[in-house]
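Shown here: final.cif, mmCIF, C-alpha atoms and all ligand atoms.
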```cif
data_start
#
loop_
_atom_site.label_atom_id
_atom_site.label_comp_id
_atom_site.auth_asym_id
_atom_site.auth_seq_id
_atom_site.Cartn_x
_atom_site.Cartn_y
_atom_site.Cartn_z
CA MET A 39 146.14 59.18 -16.10
CA LYS A 40 143.50 58.25 -18.61
CA VAL A 41 142.80 55.50 -21.05
CA VAL A 42 141.85 56.63 -24.55
CA TRP A 43 140.31 53.56 -26.16
CA ARG A 44 139.66 55.42 -29.38
CA ASP A 45 143.41 55.58 -30.00
CA LEU A 46 143.78 51.80 -30.19
CA PRO A 47 144.59 50.77 -33.76
CA THR A 48 142.40 48.15 -35.46
CA VAL A 49 143.28 44.55 -34.73
CA LEU A 50 144.16 42.42 -37.75
CA THR A 51 142.75 38.94 -38.30
CA GLU A 52 144.84 35.77 -38.33
CA GLU A 53 144.77 35.75 -42.17
CA GLU A 54 145.73 39.39 -42.43
CA VAL A 55 148.74 38.92 -40.17
CA LEU A 56 149.89 35.85 -42.13
CA ASP A 57 149.36 37.56 -45.50
CA LYS A 58 151.36 40.52 -44.36
CA ALA A 59 154.17 38.33 -43.01
CA PHE A 60 154.40 36.02 -46.04
CA SER A 61 154.22 38.75 -48.62
CA ARG A 62 156.95 40.79 -46.91
CA ALA A 63 159.01 37.61 -46.61
CA LYS A 64 158.66 36.96 -50.32
CA LYS A 65 159.76 40.50 -51.18
CA ALA A 66 162.77 40.17 -48.91
CA ALA A 67 163.70 36.90 -50.63
CA ASP A 68 163.33 38.43 -54.09
CA ARG A 69 166.00 40.98 -53.26
CA VAL A 70 168.64 38.29 -52.67
CA ASP A 71 171.30 38.10 -55.32
CA ASP A 72 174.03 35.48 -55.45
CA PRO A 73 175.43 33.79 -58.54
CA VAL A 74 175.97 30.45 -56.74
CA LYS A 75 172.64 28.67 -56.63
CA VAL A 76 173.02 26.88 -53.30
CA PHE A 77 174.05 30.10 -51.56
CA ARG A 78 171.29 32.05 -53.22
CA VAL A 79 168.59 29.57 -52.26
CA ARG A 80 169.89 29.33 -48.71
CA LYS A 81 169.88 33.10 -48.26
CA GLN A 82 166.43 33.42 -49.78
CA LEU A 83 164.90 30.78 -47.58
CA VAL A 84 166.52 32.11 -44.41
CA ARG A 85 165.16 35.53 -45.22
CA MET A 86 161.68 34.15 -45.78
CA VAL A 87 161.67 32.36 -42.45
CA GLN A 88 163.20 35.23 -40.49
CA THR A 89 161.21 38.01 -42.06
CA SER A 90 157.87 36.26 -41.64
CA SER A 91 158.51 35.33 -38.03
CA ASP A 92 159.80 38.85 -37.25
CA ILE A 93 156.74 40.48 -38.76
CA ILE A 94 154.39 38.26 -36.76
CA THR A 95 156.30 38.60 -33.48
CA THR A 96 156.50 42.36 -33.84
CA TYR A 97 152.81 42.62 -34.61
CA LEU A 98 151.75 40.47 -31.67
CA ASP A 99 154.12 42.17 -29.22
CA GLU A 100 153.17 45.65 -30.32
CA THR A 101 149.47 44.91 -30.11
CA MET A 102 149.92 43.51 -26.64
CA ARG A 103 151.91 46.53 -25.52
CA THR A 104 149.50 49.08 -27.04
CA TRP A 105 146.59 47.73 -25.06
CA PRO A 106 146.53 49.30 -21.60
CA SER A 107 147.57 47.04 -18.78
CA LEU A 108 144.74 46.25 -16.36
CA ASP A 109 147.06 46.56 -13.39
CA ARG A 110 148.08 50.08 -14.31
CA MET A 111 144.79 51.57 -15.45
CA PRO A 112 142.58 53.71 -13.21
CA LEU A 113 139.85 51.87 -11.31
CA PHE A 114 137.11 53.49 -13.37
CA ASP A 115 138.51 52.12 -16.62
CA LYS A 116 139.18 48.74 -15.07
CA ALA A 117 135.60 48.52 -13.84
CA MET A 118 134.39 49.54 -17.30
CA VAL A 119 136.52 46.83 -18.92
CA ASP A 120 135.08 44.33 -16.50
CA ALA A 121 131.53 45.51 -17.12
CA CYS A 122 131.87 45.63 -20.90
CA VAL A 123 134.19 42.81 -21.94
CA GLY A 124 135.39 41.09 -18.75
CA CYS A 125 138.79 41.52 -17.10
CA ASP A 126 139.60 37.79 -17.14
CA ASP A 127 139.05 37.52 -20.88
CA TYR A 128 140.96 40.73 -21.44
CA ARG A 129 143.96 39.37 -19.60
CA HIS A 130 143.72 35.94 -21.20
CA HIS A 131 143.61 37.13 -24.80
CA LEU A 132 146.46 39.58 -24.35
CA SER A 133 148.56 36.84 -22.78
CA MET A 134 147.78 34.63 -25.79
CA LEU A 135 149.46 37.25 -27.99
CA LYS A 136 152.49 37.18 -25.75
CA TRP A 137 152.61 33.41 -25.91
CA GLY A 138 152.18 33.46 -29.70
CA GLY A 139 154.93 36.02 -30.18
CA LYS A 140 157.34 33.89 -28.22
CA GLN A 141 156.50 30.68 -30.11
CA VAL A 142 156.82 32.39 -33.46
CA GLY A 143 160.21 33.83 -32.51
CA GLN A 144 161.47 30.34 -31.67
CA ILE A 145 160.17 28.84 -34.89
CA GLY A 146 162.02 31.54 -36.82
CA LYS A 147 165.29 30.75 -35.08
CA GLN A 148 165.03 26.97 -35.19
CA ASN A 149 164.13 26.72 -38.84
CA SER A 150 166.70 29.30 -39.94
CA VAL A 151 169.35 27.19 -38.25
CA LYS A 152 168.10 24.09 -40.07
CA ILE A 153 168.43 25.89 -43.41
CA VAL A 154 171.85 27.31 -42.67
CA ARG A 155 173.24 23.99 -41.49
CA SER A 156 172.16 22.02 -44.52
CA GLY A 157 173.99 21.75 -47.81
CA ARG A 158 171.05 20.18 -49.61
CA ILE A 159 168.55 22.37 -51.35
CA GLU A 160 165.56 20.01 -50.74
CA VAL A 161 166.29 19.97 -47.02
CA MET A 162 166.36 23.76 -47.03
CA HIS A 163 163.00 23.95 -48.83
CA ASP A 164 161.50 21.47 -46.40
CA ALA A 165 162.67 23.55 -43.44
CA ARG A 166 161.10 26.67 -44.98
CA LYS A 167 157.83 24.83 -45.59
CA GLU A 168 157.85 23.43 -42.10
CA ALA A 169 158.41 26.93 -40.68
CA TYR A 170 155.43 28.32 -42.60
CA GLY A 171 153.27 25.44 -41.44
CA ARG A 172 154.22 25.96 -37.83
CA LEU A 173 153.72 29.72 -38.05
CA SER A 174 150.26 29.17 -39.48
CA SER A 175 149.32 26.74 -36.76
CA ILE A 176 150.46 29.14 -34.01
CA MET A 177 148.45 31.87 -35.69
CA ARG A 178 145.41 29.61 -35.80
CA ARG A 179 145.59 29.40 -32.01
CA VAL A 180 146.12 33.13 -31.63
CA GLY A 181 143.46 33.98 -34.21
CA SER A 182 140.50 33.72 -31.85
CA SER A 183 142.25 36.08 -29.43
CA LEU A 184 142.79 38.59 -32.21
CA ASP A 185 139.10 38.32 -33.08
CA TRP A 186 138.15 38.82 -29.45
CA LEU A 187 140.35 41.93 -29.21
CA HIS A 188 138.87 43.27 -32.43
CA GLU A 189 135.38 43.00 -30.95
CA ALA A 190 136.46 44.34 -27.56
CA ARG A 191 138.01 47.38 -29.22
CA MET A 192 134.73 48.17 -30.96
CA THR A 193 132.97 48.06 -27.62
CA LEU A 194 135.56 49.90 -25.58
CA ARG A 195 136.03 52.75 -28.03
CA THR A 196 132.52 54.01 -27.38
CA LEU A 197 133.23 54.51 -23.68
CA PRO A 198 133.67 57.99 -22.23
CA VAL A 199 137.24 59.02 -21.55
CA ILE A 200 137.69 60.08 -17.96
CA ASP A 201 140.81 61.48 -16.41
CA SER A 202 141.02 60.00 -12.94
CA LEU A 203 143.12 62.86 -11.60
CA SER A 204 140.73 65.67 -12.53
CA PRO A 205 137.60 66.42 -10.53
CA THR A 206 134.61 64.61 -12.00
CA ILE A 207 131.03 65.69 -11.65
CA VAL A 208 128.50 62.94 -12.26
CA VAL A 209 125.17 64.32 -13.46
CA CYS A 210 122.13 62.18 -12.82
CA GLY A 211 118.36 62.44 -12.58
CA ALA A 212 115.21 61.14 -14.27
CA PRO A 213 114.99 61.16 -18.08
CA ASN A 214 114.40 64.58 -19.67
CA VAL A 215 115.11 66.66 -16.57
CA GLY A 216 117.80 68.58 -18.48
CA LYS A 217 121.06 66.73 -17.72
CA SER A 218 122.52 67.12 -21.19
CA ALA A 219 121.41 70.75 -21.47
CA PHE A 220 123.08 71.48 -18.13
CA ILE A 221 126.38 69.86 -19.13
CA SER A 222 126.32 71.65 -22.45
CA THR A 223 125.72 75.08 -20.88
CA LEU A 224 128.51 74.56 -18.38
CA SER A 225 131.03 73.26 -20.91
CA THR A 226 133.59 75.30 -22.70
CA GLY A 227 134.10 73.86 -26.15
CA ASN A 228 132.12 71.02 -27.56
CA MET A 229 130.75 68.17 -25.53
CA GLU A 230 131.95 64.73 -26.39
CA VAL A 231 129.28 62.22 -27.21
CA ASN A 232 129.88 58.66 -26.06
CA HIS A 233 127.98 55.53 -25.21
CA TYR A 234 128.01 52.89 -22.59
CA PRO A 235 127.91 49.72 -24.68
CA PHE A 236 124.78 48.52 -22.89
CA THR A 237 122.59 51.58 -23.53
CA THR A 238 121.49 53.08 -26.79
CA LYS A 239 121.44 56.53 -25.25
CA GLN A 240 124.12 59.12 -25.78
CA ILE A 241 126.34 60.07 -22.88
CA HIS A 242 127.62 63.59 -22.85
CA VAL A 243 130.98 64.46 -21.39
CA GLY A 244 131.72 68.13 -20.91
CA HIS A 245 134.70 70.04 -19.55
CA PHE A 246 135.38 73.39 -18.01
CA LYS A 247 138.49 74.88 -16.48
CA HIS A 248 138.72 76.79 -13.25
CA ARG A 249 142.10 78.34 -12.42
CA ARG A 250 143.69 75.97 -14.96
CA LEU A 251 142.22 72.90 -13.26
CA SER A 252 140.10 70.93 -15.67
CA HIS A 253 136.75 69.65 -14.38
CA GLN A 254 134.82 67.01 -16.27
CA MET A 255 131.11 66.34 -16.22
CA VAL A 256 129.59 63.00 -17.16
CA ASP A 257 126.04 62.16 -18.04
CA THR A 258 124.41 58.95 -16.84
CA PRO A 259 121.42 58.28 -19.12
CA GLY A 260 119.98 54.81 -18.96
CA LEU A 261 122.23 53.98 -16.06
CA LEU A 262 121.02 55.77 -12.96
CA ASP A 263 117.50 56.63 -14.12
CA ARG A 264 115.95 53.17 -14.12
CA GLU A 265 114.40 50.96 -11.49
CA MET A 266 116.69 48.70 -9.54
CA GLU A 267 114.96 45.49 -10.67
CA SER A 268 115.60 46.11 -14.34
CA ARG A 269 119.32 46.68 -13.95
CA ASN A 270 121.63 43.87 -14.89
CA GLN A 271 125.00 42.88 -13.50
CA ILE A 272 126.88 44.89 -16.10
CA GLU A 273 125.01 48.08 -15.31
CA LEU A 274 125.61 47.61 -11.61
CA GLN A 275 129.31 47.31 -12.29
CA ALA A 276 129.25 50.45 -14.36
CA ILE A 277 127.56 52.21 -11.47
CA ALA A 278 130.27 50.98 -9.14
CA ALA A 279 132.78 52.38 -11.62
CA ILE A 280 131.19 55.80 -11.34
CA GLU A 281 131.75 55.69 -7.62
CA HIS A 282 135.50 55.54 -8.26
CA VAL A 283 135.67 58.74 -10.26
CA GLY A 284 132.97 60.96 -8.83
CA SER A 285 134.11 63.92 -6.79
CA LEU A 286 130.54 65.19 -6.71
CA CYS A 287 127.19 63.97 -7.90
CA ILE A 288 124.57 66.44 -9.10
CA PHE A 289 121.01 65.16 -8.96
CA LEU A 290 118.84 67.23 -11.25
CA MET A 291 115.13 67.45 -10.54
CA ASP A 292 112.43 68.91 -12.75
CA ILE A 293 109.71 69.98 -10.32
CA THR A 294 107.53 71.30 -13.13
CA GLU A 295 107.14 67.60 -14.07
CA LYS A 296 107.52 68.69 -17.71
CA CYS A 297 109.98 65.81 -18.03
CA GLY A 298 107.20 63.28 -17.62
CA THR A 299 108.34 61.78 -14.32
CA PRO A 300 106.19 62.63 -11.28
CA LEU A 301 107.97 64.37 -8.43
CA GLU A 302 107.47 61.43 -6.10
CA ASP A 303 109.21 59.07 -8.51
CA GLN A 304 112.09 61.52 -8.85
CA LEU A 305 112.46 61.59 -5.06
CA ASN A 306 112.44 57.79 -4.93
CA LEU A 307 115.12 57.76 -7.59
CA LEU A 308 117.20 60.16 -5.52
CA GLU A 309 117.02 57.82 -2.53
CA GLU A 310 117.94 54.87 -4.71
CA ILE A 311 120.98 56.63 -6.18
CA LYS A 312 122.13 57.65 -2.72
CA GLY A 313 122.06 53.95 -1.85
CA LEU A 314 123.91 53.00 -5.03
CA LEU A 315 126.63 55.64 -4.61
CA PRO A 316 126.98 55.95 -0.85
CA GLU A 317 130.47 57.44 -0.95
CA ILE A 318 129.79 60.33 -3.31
CA ASP A 319 128.87 63.81 -2.16
CA MET A 320 125.34 64.40 -3.48
CA MET A 321 123.95 67.80 -4.43
CA VAL A 322 120.34 68.28 -5.45
CA VAL A 323 119.69 70.96 -8.05
CA ILE A 324 116.33 71.99 -9.47
CA SER A 325 116.37 72.47 -13.25
CA LYS A 326 114.33 74.67 -15.61
CA ALA A 327 114.10 77.66 -13.23
CA ASP A 328 112.84 79.78 -16.12
CA LEU A 329 109.57 77.81 -16.07
CA MET A 330 108.88 78.65 -12.42
CA GLU A 331 106.00 81.01 -11.64
CA PRO A 332 106.94 83.28 -10.08
CA LEU A 333 110.63 83.24 -11.06
CA PRO A 334 113.09 82.56 -8.19
CA GLY A 335 113.33 85.58 -5.85
CA ASN A 336 116.98 86.38 -6.61
CA TRP A 337 116.74 85.73 -10.38
CA ASP A 338 117.59 89.33 -11.38
CA GLU A 339 120.37 89.66 -8.81
CA VAL A 340 122.06 86.42 -9.90
CA LYS A 341 121.61 87.23 -13.58
CA ALA A 342 123.24 90.66 -13.10
CA ALA A 343 126.12 89.27 -11.02
CA GLU A 344 126.81 86.54 -13.57
CA SER A 345 126.85 88.87 -16.54
CA SER A 346 129.07 91.46 -14.85
CA TRP A 347 131.69 88.99 -13.59
CA ASP A 348 134.63 88.87 -15.99
CA GLY A 349 136.13 85.68 -14.61
CA GLU A 350 138.93 87.43 -12.71
CA GLY A 351 139.40 87.78 -8.96
CA GLU A 352 137.13 86.42 -6.23
CA PRO A 353 133.65 86.09 -7.66
CA MET A 354 130.69 87.13 -5.55
CA ILE A 355 127.80 85.38 -7.19
CA PRO A 356 125.08 83.94 -4.98
CA VAL A 357 123.47 80.67 -6.08
CA LEU A 358 119.99 80.95 -7.55
CA LEU A 359 117.41 79.76 -5.02
CA ASP A 360 113.80 78.74 -5.56
CA GLU A 361 111.06 79.59 -3.08
CA GLU A 362 111.81 76.47 -1.04
CA GLY A 363 115.45 77.53 -0.74
CA CYS A 364 116.79 74.86 -3.12
CA VAL A 365 119.61 75.58 -5.56
CA THR A 366 118.21 75.98 -9.05
CA ILE A 367 119.36 76.85 -12.56
CA SER A 368 118.07 77.60 -16.00
CA ALA A 369 120.23 75.96 -18.63
CA THR A 370 118.31 77.49 -21.50
CA GLU A 371 118.41 81.07 -20.13
CA ASN A 372 121.88 80.52 -18.64
CA VAL A 373 120.93 81.90 -15.23
CA GLY A 374 122.32 80.37 -12.04
CA VAL A 375 124.71 78.20 -14.04
CA GLU A 376 127.86 80.26 -13.40
CA ALA A 377 126.91 80.52 -9.72
CA LEU A 378 126.48 76.77 -9.56
CA ARG A 379 129.80 76.25 -11.34
CA LEU A 380 131.59 78.11 -8.55
CA GLU A 381 129.76 76.06 -5.95
CA ILE A 382 130.75 72.87 -7.82
CA VAL A 383 134.41 73.93 -7.90
CA ARG A 384 134.34 74.59 -4.17
CA ARG A 385 132.67 71.28 -3.34
CA CYS A 386 135.01 69.30 -5.63
CA LYS A 387 138.04 70.93 -4.09
CA GLU A 388 136.80 70.04 -0.63
CA ASN A 389 136.05 66.46 -1.66
CA MET A 390 139.36 65.92 -3.41
CA GLU A 391 141.48 67.48 -0.72
CA THR A 392 144.02 64.95 0.48
CA GLY A 393 146.40 65.06 3.39
CA PRO A 394 149.99 66.22 2.69
CA MET A 395 151.36 62.69 3.08
CA GLU A 396 148.66 61.09 1.01
CA LEU A 397 148.91 60.65 -2.73
CA PRO A 398 145.99 61.94 -4.76
CA LYS A 399 143.38 59.42 -5.86
CA GLY A 400 144.50 57.46 -8.90
CA TRP A 401 148.21 57.84 -8.26
CA HIS A 402 150.21 54.71 -7.83
CA ARG A 403 153.39 54.41 -5.91
CA ASN A 404 156.21 53.00 -7.98
N1 LIG B 501 112.68 75.69 -20.15
C1 LIG B 501 113.77 74.92 -19.99
N2 LIG B 501 113.86 73.77 -20.63
C2 LIG B 501 114.95 73.02 -20.44
C3 LIG B 501 116.01 73.41 -19.59
N3 LIG B 501 116.97 72.46 -19.61
C4 LIG B 501 116.52 71.50 -20.46
N4 LIG B 501 115.31 71.83 -20.96
C5 LIG B 501 114.51 71.07 -21.92
O1 LIG B 501 114.20 69.80 -21.38
C6 LIG B 501 114.24 68.78 -22.37
C7 LIG B 501 115.19 67.69 -21.93
O2 LIG B 501 116.51 68.20 -21.86
P1 LIG B 501 117.78 67.27 -21.91
O3 LIG B 501 118.94 68.09 -21.58
O4 LIG B 501 117.81 66.51 -23.17
O5 LIG B 501 117.42 66.26 -20.75
P2 LIG B 501 118.22 64.95 -20.28
O6 LIG B 501 118.06 64.85 -18.81
O7 LIG B 501 119.57 64.97 -20.83
O8 LIG B 501 117.35 63.82 -20.98
P3 LIG B 501 117.79 62.29 -21.21
O9 LIG B 501 119.19 62.29 -21.74
O10 LIG B 501 116.79 61.79 -22.22
O11 LIG B 501 117.64 61.59 -19.92
C8 LIG B 501 114.70 69.47 -23.66
O12 LIG B 501 113.55 69.74 -24.44
C9 LIG B 501 115.32 70.75 -23.17
O13 LIG B 501 115.19 71.80 -24.12
C10 LIG B 501 115.87 74.66 -18.91
O14 LIG B 501 116.73 75.11 -18.15
N5 LIG B 501 114.73 75.37 -19.14
MG MG B 502 120.59 63.60 -22.09
#
```
Write out the structure in this file as structure tokens.
Amino acid sequence: MKVVWRDLPTVLTEEEVLDKAFSRAKKAADRVDDPVKVFRVRKQLVRMVQTSSDIITTYLDETMRTWPSLDRMPLFDKAMVDACVGCDDYRHHLSMLKWGGKQVGQIGKQNSVKIVRSGRIEVMHDARKEAYGRLSSIMRRVGSSLDWLHEARMTLRTLPVIDSLSPTIVVCGAPNVGKSAFISTLSTGNMEVNHYPFTTKQIHVGHFKHRRLSHQMVDTPGLLDREMESRNQIELQAIAAIEHVGSLCIFLMDITEKCGTPLEDQLNLLEEIKGLLPEIDMMVVISKADLMEPLPGNWDEVKAAESSWDGEGEPMIPVLLDEEGCVTISATENVGVEALRLEIVRRCKENMETGPMELPKGWHRN
């Protein structure tokens, strides 16, 4: 249940499609062999018309089918499409390919019949020429849709890939509080690096497995760390999209203010995000525990429990708590992270729990 935009093949231009079709058609015609001229010419021309229209129809149909259908994609991806390229345009341009494919198929049939039914070589040549002219004019109308899809693909392929059936942890907070470091420490394997098309910042997507269930963590730089007034419509839509996938939102705070954002501003941001994502379970976590003086009271206990747990059985690791009693972690020293992971798993499970008669989020009834 995920859309992998990076797998979409490049979209050819109008000229490229026509070149491909006409050159294949010519090769097919060259292979015709018949000693009687009128038969030979007829066969050659029919092949040219049929091959070129087949190549174009196949290309347009396949492209249309390879692109995920808006009605069947998860809400997150649909909201991202809307935010990045627009759902109406997306639908329109794909339907243009469908229309084009159908027209081209008809031209192929009609003009082949004209060639077959005629006994005069000039008439046959005229029908072939007419077919090529009509194919080109259909392609001229489809061309701008191909160009649009080409551009849209470039934009969409930078988006993070999110599986709507797996628990998703959205990581937010002011710039520099340690979001990426946190995701990286918690991830097994490499983090993916993506972009939202409207920010220049890198988004990190990390994964970890707990009892074979994959959990994914997504970064939100440039999206949830700015003032409301400076956000545009597209960013607001992207934020709405996050609401669809988040099982849990972790708000990271750097109380040492090493990140450059005063504590008060970070608290204001927290309130704002709560307002933006009212449906998501929000968990506040203090980052950079290793910089605290003194260190959190149960630092040694948590560190020992984390290093002695082998990942089997019921873990007994308490979360790391600062002197105010807030959950904290050190991503750089890797203390409190494993404890927090277990807490995350528990909270996600609780948040994703569905009744026995209810289908899980993202499932569609057939
Ligand atoms: N001492 C200490 N430094 C940390 C910790 N986590 C992150 N940092 C440092 O804080 C700085 C910012 O970390 P990032 O992970 O890039 O922060 P971010 O929130 O992803 O930043 P943006 O993506 O720019 O919003 C880096 O210099 C990190 O090395 C931590 O647990 N302890
Ligand atoms: Mg970052």
Residue nearest ligand LIG 501 (chain B) - candidates A:Glu339, A:Glu371, A:Glu362, A:Glu388, atoms counted: all atoms listed in the file: A:Glu371
I want to know what sits within 7 Å of A:Cys386, based on all atoms listed in the file, with residues of the same chain fewer than 5 positions away left out; could you give that as JSON, numbers by chain? {"A": [205, 285, 286]}
With C-alpha atoms kept, could you save the residues just selected as a short mmCIF file (atom, residue, chain, number, x, y, z; two decimals), in the frame of the given file?
```cif
data_model
loop_
_atom_site.label_atom_id
_atom_site.label_comp_id
_atom_site.auth_asym_id
_atom_site.auth_seq_id
_atom_site.Cartn_x
_atom_site.Cartn_y
_atom_site.Cartn_z
CA PRO A 205 137.60 66.42 -10.53
CA SER A 285 134.11 63.92 -6.79
CA LEU A 286 130.54 65.19 -6.71
#
```
Around ligand MG 502 (chain B), at most 7 Å away and counting all atoms listed in the file, which residues are there? Put them as an mmCIF file with C-alpha atoms, in the coordinates of the input, please.
```
data_model
loop_
_atom_site.group_PDB
_atom_site.id
_atom_site.type_symbol
_atom_site.label_atom_id
_atom_site.label_comp_id
_atom_site.auth_asym_id
_atom_site.auth_seq_id
_atom_site.Cartn_x
_atom_site.Cartn_y
_atom_site.Cartn_z
ATOM 1 C CA ASN A 214 114.400 64.580 -19.670
ATOM 2 C CA GLY A 216 117.800 68.580 -18.480
ATOM 3 C CA LYS A 217 121.060 66.730 -17.720
ATOM 4 C CA SER A 218 122.520 67.120 -21.190
ATOM 5 C CA GLN A 240 124.120 59.120 -25.780
ATOM 6 C CA ILE A 241 126.340 60.070 -22.880
ATOM 7 C CA ASP A 257 126.040 62.160 -18.040
ATOM 8 C CA PRO A 259 121.420 58.280 -19.120
#
```
Compute the set of protein, DNA and RNA residues whose minimum atom distance to ligand LIG 501 (chain B) is at most 8 Å, using all atoms listed in the file, and state it as a PyMOL selection string. chain A and resi 210-220+239-241+257-260+263+290+296-297+325-329+367-372
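You will find atom CA of A:Lys387 at 10.7 Å from atom CA of A:Thr206.
Note that atom CA of A:Thr223 and atom CA of A:Met330 are 19.2 Å apart.
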Expressed in Å to a single decimal, how great is the separation between atom CA of A:Asp45 and atom CA of A:Lys247? 24.1 Å
Hey, could you pull the box centre and edge lengths for stretch 262-269 of chain A, axis-aligned, 3 Å padding per side, all listed atoms, to one decimal in Å, as AutoDock Vina command-line options?
```
--center_x 117.7 --center_y 51.1 --center_z -11.9 --size_x 12.6 --size_y 17.1 --size_z 10.8
```
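If you measure from each of A:Leu333, A:Ile207, A:Val256, A:Ala117 to A:Met390 using only C-alpha atoms, the closest one turns out to be A:Ile207.
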Counting only C-alpha atoms, the residue of A:Gly374, A:Ile324, A:Pro106, A:Ala165 that sits nearest A:Glu295: A:Ile324
For the contact check between stretch 116-146 of chain A and stretch 176-195 of chain A, emit one row per residue of stretch 116-146 of chain A within 10 Å, containing the shortest atom pair and the distance in Å rounded to one decimal, counting all atoms listed in the file, chain then rising number order, as CSV.
```
residue,atom,partner,partner_atom,distance
A:Met118,CA,A:Leu194,CA,8.4
A:Val119,CA,A:Leu194,CA,7.4
A:Cys122,CA,A:Thr193,CA,7.2
A:Val123,CA,A:Ala190,CA,6.3
A:Gly124,CA,A:Ala190,CA,9.5
A:Asp127,CA,A:Trp186,CA,8.7
A:Tyr128,CA,A:Leu187,CA,7.9
A:His130,CA,A:Ser183,CA,8.4
A:His131,CA,A:Ser183,CA,4.9
A:Leu132,CA,A:Ser183,CA,7.5
A:Ser133,CA,A:Ser183,CA,9.2
A:Met134,CA,A:Val180,CA,6.3
A:Leu135,CA,A:Val180,CA,6.4
A:Lys136,CA,A:Val180,CA,9.6
A:Trp137,CA,A:Val180,CA,8.7
A:Gly138,CA,A:Ile176,CA,6.3
A:Gly139,CA,A:Ile176,CA,9.1
A:Gln141,CA,A:Ile176,CA,7.4
A:Val142,CA,A:Ile176,CA,7.2
A:Ile145,CA,A:Ile176,CA,9.8
```
